[in-house]
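Enquirer: Please find one structure pasted underneath; my questions will follow.
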Amino acid sequence: MSTGDLVRRAGQGDAEAWRALVGRYSRLLCSIARSYGLSGADAEDVVQTTWLRLVERLTLLRDPARAGAWLAVTARRESMATLRRAGRERPLKGTGPTVTGPHHVVFGRDLAASVGAALETIPPRCRELLELLAGSPRLSYAEISAALEMPVGSVGPTRARCLTHLRRRLGGRA
């Protein structure tokens with residue numbers, strides 16, 4: 001049964017559909033939380049909170065078929081919130097140039113704003129894929145495949161098409 005059907009049925013109170021959703025995505029959510037360096041207990045809390053967020057919004061999801069991607073993004077956000085609460089948020093190492101002056105900060109903000117605006121103009125499926133690929137920590141193609149319900153072999157070619165969309169929107173800035 002498709003994720004969209006499971007979400008709709010779970011929203012109507014179908015316990016079996018809910019169990020199927022939990023079975024389908026719990027390992028993905030746990031791997032996302034653990035990839036942030038969370039302890040077992042903290043990772044379990046993130047997974048539980050992520051499921052709670054879905055329960056709160058189950059009947060409000062715009063596209064129930066994309067619940068896997070929604071869950072993955074929510075697990076990332078909850079993991080970061082857990083790190084912040086514990087005072088352990090740490091910058092990524094080795095990801096880009098070192099900031100050496102105010103002009104770098106201004107350029108970086110300007111570029112980030114341009115990319116953010118361009119992301120809003122590309123198809124939602126592309127935006128979800130690129131957000132999952134660019135997020136920290138990195139997800140494997142298998143995890144992205146599960147979150148977006150697409151074959152693993154389609155992740156790379158779809159990524160290339162989505163980046164082409166994004167580059168067109170950015171013009172000469174890419």
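Residues in the structure tokens are numbered from 1 in each chain, the chains being A, B, ... in the order shown, and ligands are numbered from 1 in the order shown.
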Near Met1 of chain A, within 10 Å and counting only C-alpha atoms, which residues show up once chain neighbours fewer than 5 positions away are dropped, as a PyMOL selection string?

Expert: chain A and resi 6+17+20

Enquirer: Can you tell me which residues surround Ala75 of chain A at a distance of at most 7 Å, considering only C-alpha atoms, apart from same-chain residues fewer than 3 positions away, and format the answer as a PyMOL selection string?

Expert: chain A and resi 29+32-33+46-47+50+71-72+78-79

Enquirer: Check the smallest atom-to-atom distance from each of A:Glu16, A:Asp45, A:Glu149, A:Asp63 to Gly4 of chain A using only C-alpha atoms, then report the winner.

Expert: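 When distances to Gly4 of chain A are compared using only C-alpha atoms, the smallest one comes from A:Asp63.
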
Enquirer: To one decimal place in Å, what is the distance between atom CA of Ser39 of chain A and atom CA of Gly23 of chain A?

Expert: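 Distance between the two atoms: 21.5 Å.
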
Enquirer: Quick one: of A:Thr121, A:Trp51, A:Gly40, A:Leu170, who's nearest to Arg19 of chain A, counting only C-alpha atoms?

Expert: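 Using only C-alpha atoms, the shortest distance to Arg19 of chain A belongs to A:Trp51.
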
Enquirer: Interatomic distance between atom CA of Ile122 of chain A and atom CA of Arg169 of chain A?

Expert: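 Separation of atom CA of Ile122 of chain A and atom CA of Arg169 of chain A: 7.9 Å.
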
Enquirer: Which residues, written as an MDAnalysis selection string, have at least one atom at most 12 Å from segment 152-159 of chain A, with only C-alpha atoms counted and residues fewer than 4 positions away on the same chain left out?

Expert: chainID A and resid 123 125:134 139:148 163:166

Enquirer: Of the candidates A:Arg66, A:Arg9, A:Arg167, A:Arg27, which shows the shortest atom-to-atom distance to Ser114 of chain A, using only C-alpha atoms?

Expert: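 Comparing A:Arg66, A:Arg9, A:Arg167, A:Arg27 against Ser114 of chain A, the winner is A:Arg167.
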
Enquirer: In terms of the shortest atom-to-atom distance over only C-alpha atoms, which of A:Tyr36, A:Arg62, A:Leu28, A:Gly116 is closest to Arg77 of chain A?

Expert: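 Looking only at the distances to Arg77 of chain A, the closest residue turns out to be A:Tyr36.
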
Enquirer: Using only C-alpha atoms for the distances, tell me which of A:Leu60, A:Leu83, A:Val55, A:Val115 is nearest to Ala43 of chain A.

Expert: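 Going through A:Leu60, A:Leu83, A:Val55, A:Val115 one by one, the smallest distance to Ala43 of chain A is for A:Leu83.
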
Enquirer: What's the separation between atom CA of Leu58 of chain A and atom CA of Glu44 of chain A, in Å to one decimal place?

Expert: 20.4 Å
